[in-house]
Amino acid sequence: MKIMQKKLSRRAFRKWLSSAVGVVLTSVVFVQDINAIKINVNDPRLLSQMMNNSQLVFPKGQYLVNYTISNKKADDFLPIRKTIWAVSVEAISPIGRKVGDIEQLLKILESYQYCITDQESEPSIRLWGVLIEQPDSPVELAALLAELKKVSIFRTREDGSGEIHMGNSSIGSIPLAKKQDM
């Protein structure tokens, strides 16, 4: 398999993703600041969906995309699945105590397709916006949500309603609704 490469602006990248057919992403890197965004997605349609999600802000600048041409036909690709949106924090308290851990978050997400954007507000506080493709299995979804509860301050999962509400969201380790799956 031959790996191909493109360097695109954010706008051109979004346009290319929406028209990419029969392509498997092998890596995507934001050229200006590799710590500003972390992308672990191989389906261009999923990444296009994530880039169009208003909860994550993709920085302006150049994106370096490595990809291969798939041997699958365009109609063989699975439909886009729902996502989970989470917000995590990494901060140093005034007394020097560390709160949050991006490395633990990355470890939890290693087997999932995800995108993380860094919303650094000041040197001692970093907010991480995370979009993760939801697993199909209810057991795997429940396990992922339980793990995210340990490292995120907020999470919500798409449930088909098109809205963030008390039934699909939770803050910290306290669910907003009395549901066992959050």
# chains A, B, ... in the order shown; residues from 1 in each chain; ligands from 1
call {"tool": "residues_around", "arguments": {"residues": "segment 117-131 of chain A", "least_positions_apart": "3", "cutoff": "10 Å", "atoms": "only C-alpha atoms", "output": "ChimeraX atom specification"}}
result
/A:35-39,47,50-51,53,55-59,82-94,96,98-100,102,105,109,113-114,134,152-157
call {"tool": "closest_residue", "arguments": {"among": "A:Ile164, A:Ile116, A:Val24, A:Leu17", "to": "Ile132 of chain A", "atoms": "only C-alpha atoms"}}
result
A:Ile116
call {"tool": "residues_around", "arguments": {"residues": "Asn71 of chain A", "least_positions_apart": "4", "cutoff": "10 Å", "atoms": "only C-alpha atoms", "output": "PyMOL selection string"}}
result
chain A and resi 1+22-24+76
call {"tool": "select_by_dssp", "arguments": {"residues": "segment 127-166 of chain A", "states": "strand (DSSP E)", "output": "list in words"}}
result
Leu127, Trp128, Gly129, Val130, Leu131, Ile132, Glu133, Phe154, Arg155, Thr156 and Arg157 of chain A
call {"tool": "residues_around", "arguments": {"residues": "segment 9-16 of chain A", "least_positions_apart": "5", "cutoff": "6 Å", "atoms": "only C-alpha atoms", "output": "PyMOL selection string"}}
result
chain A and resi 60-62
call {"tool": "write_last_selection", "arguments": {"atoms": "all heavy atoms", "output": "mmCIF file, in the first residue's frame"}}
result
data_model
loop_
_atom_site.group_PDB
_atom_site.id
_atom_site.type_symbol
_atom_site.label_atom_id
_atom_site.label_comp_id
_atom_site.auth_asym_id
_atom_site.auth_seq_id
_atom_site.Cartn_x
_atom_site.Cartn_y
_atom_site.Cartn_z
ATOM 1 N N LYS A 60 -6.976 27.144 13.079
ATOM 2 C CA LYS A 60 -6.616 27.539 11.719
ATOM 3 C C LYS A 60 -5.153 27.229 11.517
ATOM 4 O O LYS A 60 -4.348 27.335 12.448
ATOM 5 C CB LYS A 60 -6.860 29.032 11.501
ATOM 6 C CG LYS A 60 -8.309 29.411 11.447
ATOM 7 C CD LYS A 60 -8.456 30.898 11.190
ATOM 8 C CE LYS A 60 -9.931 31.273 11.139
ATOM 9 N NZ LYS A 60 -10.116 32.712 10.937
ATOM 10 N N GLY A 61 -4.803 26.857 10.304
ATOM 11 C CA GLY A 61 -3.420 26.549 9.991
ATOM 12 C C GLY A 61 -3.335 25.377 9.036
ATOM 13 O O GLY A 61 -4.326 25.003 8.398
ATOM 14 N N GLN A 62 -2.168 24.779 8.949
ATOM 15 C CA GLN A 62 -1.904 23.701 8.005
ATOM 16 C C GLN A 62 -2.023 22.331 8.685
ATOM 17 O O GLN A 62 -1.541 22.145 9.797
ATOM 18 C CB GLN A 62 -0.494 23.848 7.424
ATOM 19 C CG GLN A 62 -0.307 25.104 6.611
ATOM 20 C CD GLN A 62 -1.105 25.063 5.322
ATOM 21 O OE1 GLN A 62 -1.021 24.117 4.560
ATOM 22 N NE2 GLN A 62 -1.874 26.112 5.076
#
call {"tool": "closest_residue", "arguments": {"among": "A:Tyr112, A:Ser19, A:Val31, A:Ser161", "to": "Leu141 of chain A", "atoms": "only C-alpha atoms"}}
result
A:Tyr112
